[in-house]
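Since the structure comes first, as structure tokens, the remarks are kept for the end.
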Amino acid sequence: MRRDHLRWGIVLIIAAGAFMAAPARAQQKGFELFPNAPQLSLFPDLARGDGPLPSEQVFVHPITDPYFHEDSFVATDVRPVYAYQTFSDNSILGGGVAQVAAAEVRIAITDQIQFVAPKDGFTWLHPGLFHADGWNDIAAGLKWEFLQDHRDQLYSAIGAGYQFPWGESKSLANKEQVWLWGSVDKGFDRLHVGATFNYFIATGEEGLYGAGNHLSGHLHLDYWVCDYFSPVAEANYYHTTQSHDAALPIQGADLTDLGGGANDDICTLGIGAEVRPIHNLALRAAWEKNVTHPDDIFDSRVTVSAVITF
């Protein structure tokens with residue numbers, strides 16, 4: 001049954017990509033709501049460039065942790081995502097799996113301002129102790145890419161968002177929080193390096209199991225082998241800074257905010273790849289493993305996604 005879910009998730013992503021494709025290219029100028037808006041750069045003397053980027057300078061968007069790992073680039077795209085996560089048999093949840101299906105949306109308002117809606121979808125939560133399926137919370141925000149230096153392949157952005165507690169508590173959702181982040185991305189010809197830092201503040205609704213303030217950090221590496229293929233390596237770190245009525249001694253990483261596990265940091269390492277069969281569609285997959293506390297809520301995960309640019 002689990003293999004069937006994974007197989008259908010991959011099929012749906014590929015089908016969505018084939019149906020929704022439109023001519024554009026990731027991190028190059030595509031659809032913008034206000035294409036003639038003035039530039040709002042903190043560094044106006046740095047080269048912006050109006051032409052298309054060379055292929056080898058186009059970064060791969062992060063694959064692992066699609067909720068929190070927001071890079072510095074502004075484009076318009078849709079990203080169907082499917083994730084299959086395992087829990088250790090030694091964890092407080094008694095083993096089991098979680099599956100998540102979602103569709104992220106990003107819209108370029110100008111060439112520097114982007115609307116982001118990275119969190120939504122549905123979770124099938126089947127740990128060893130209970131089974132609970134339900135809708136996820138919805139998060140949305142705005143990103144400002146204040147640094148666009150195409151000449152030196154240097155980009156940076158900041159953003160803020162809000163998570164609406166519209167999900168179902170039975171699947172560990174129904175959490176209200178404010179989200180602040182910053183990112184920087186640097187290219188070295190075909191090699192691309194990125195980092196993102198987030199801080200989340202619980203502001204109200206906490207669901208059945210509490211919540212908390214927490215932070216996360218993310219690293220990304222990709223190498224442009226050719227127009228059709230790039231290998232990817234990523235790392236993700238999660239830390240709870242303050243608990244709000246946490247009922248379980250675990251934090252939840254990016255799957256959910258449980259607020260527990262203040263001294264139980266999670267670090268995952270992942271490897272994957274992106275394939276680009278046509279110029280406006282990228283198909284990606286990655287596998288990651290918890291390398292700090294594998295007996296926690298995060299043991300290992302496979303993430304499959306697509307990026308459909310407009």
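Following the order of the structure tokens, first chain is A, next is B, and so on, with residues numbered from 1 inside each chain and ligands from 1 in the order they appear.
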
Legend entry - segment 231-244 of chain A surroundings by only C-alpha atoms, 7 Å radius, close-in-sequence under 2 positions cut, as a PyMOL selection string: chain A and resi 210-223+229+246+251+253+259-262+265-274

Inset, instruction - Could you give me, as an NGL selection string, the residues within 12 Å of Ser91 of chain A, counting only C-alpha atoms and dropping anything in the same chain fewer than 5 positions from it? - result: :A and (86 or 96-97 or 127-129 or 248-250 or 293-299)

Legend entry - strand (DSSP E or B) positions in segment 174-309 of chain A, given as number ranges by chain: A: 177-188, 191-202, 211-223, 226, 229-244, 266-278, 281-290, 300-309

Inset, instruction - Could you tell me how far atom CA of Ala285 of chain A lies from atom CA of Thr303 of chain A, in Å and to one decimal? - result: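 Between atom CA of Ala285 of chain A and atom CA of Thr303 of chain A the gap works out to 5.6 Å.
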
Legend entry - Coordinates-based distance that separates atom CA of Val307 of chain A from atom CA of Cys226 of chain A (Å, one decimal):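 Separating atom CA of Cys226 of chain A from atom CA of Val307 of chain A is a distance of 17.5 Å.
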
Inset, instruction - Considering only C-alpha atoms, return as a VMD selection string whatever protein or nucleic-acid residues lie within 8 Å of segment 162-168 of chain A, sequence-local ones (same chain, fewer than 2 positions apart) excluded. - result: chain A and resid 134 to 141 160 170 to 179 205

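Of the residues listed (A:Val275, A:Leu125, A:Val78, A:Val184), A:Val78 shows the shortest atom-to-atom separation from Phe310 of chain A; distances use only C-alpha atoms.
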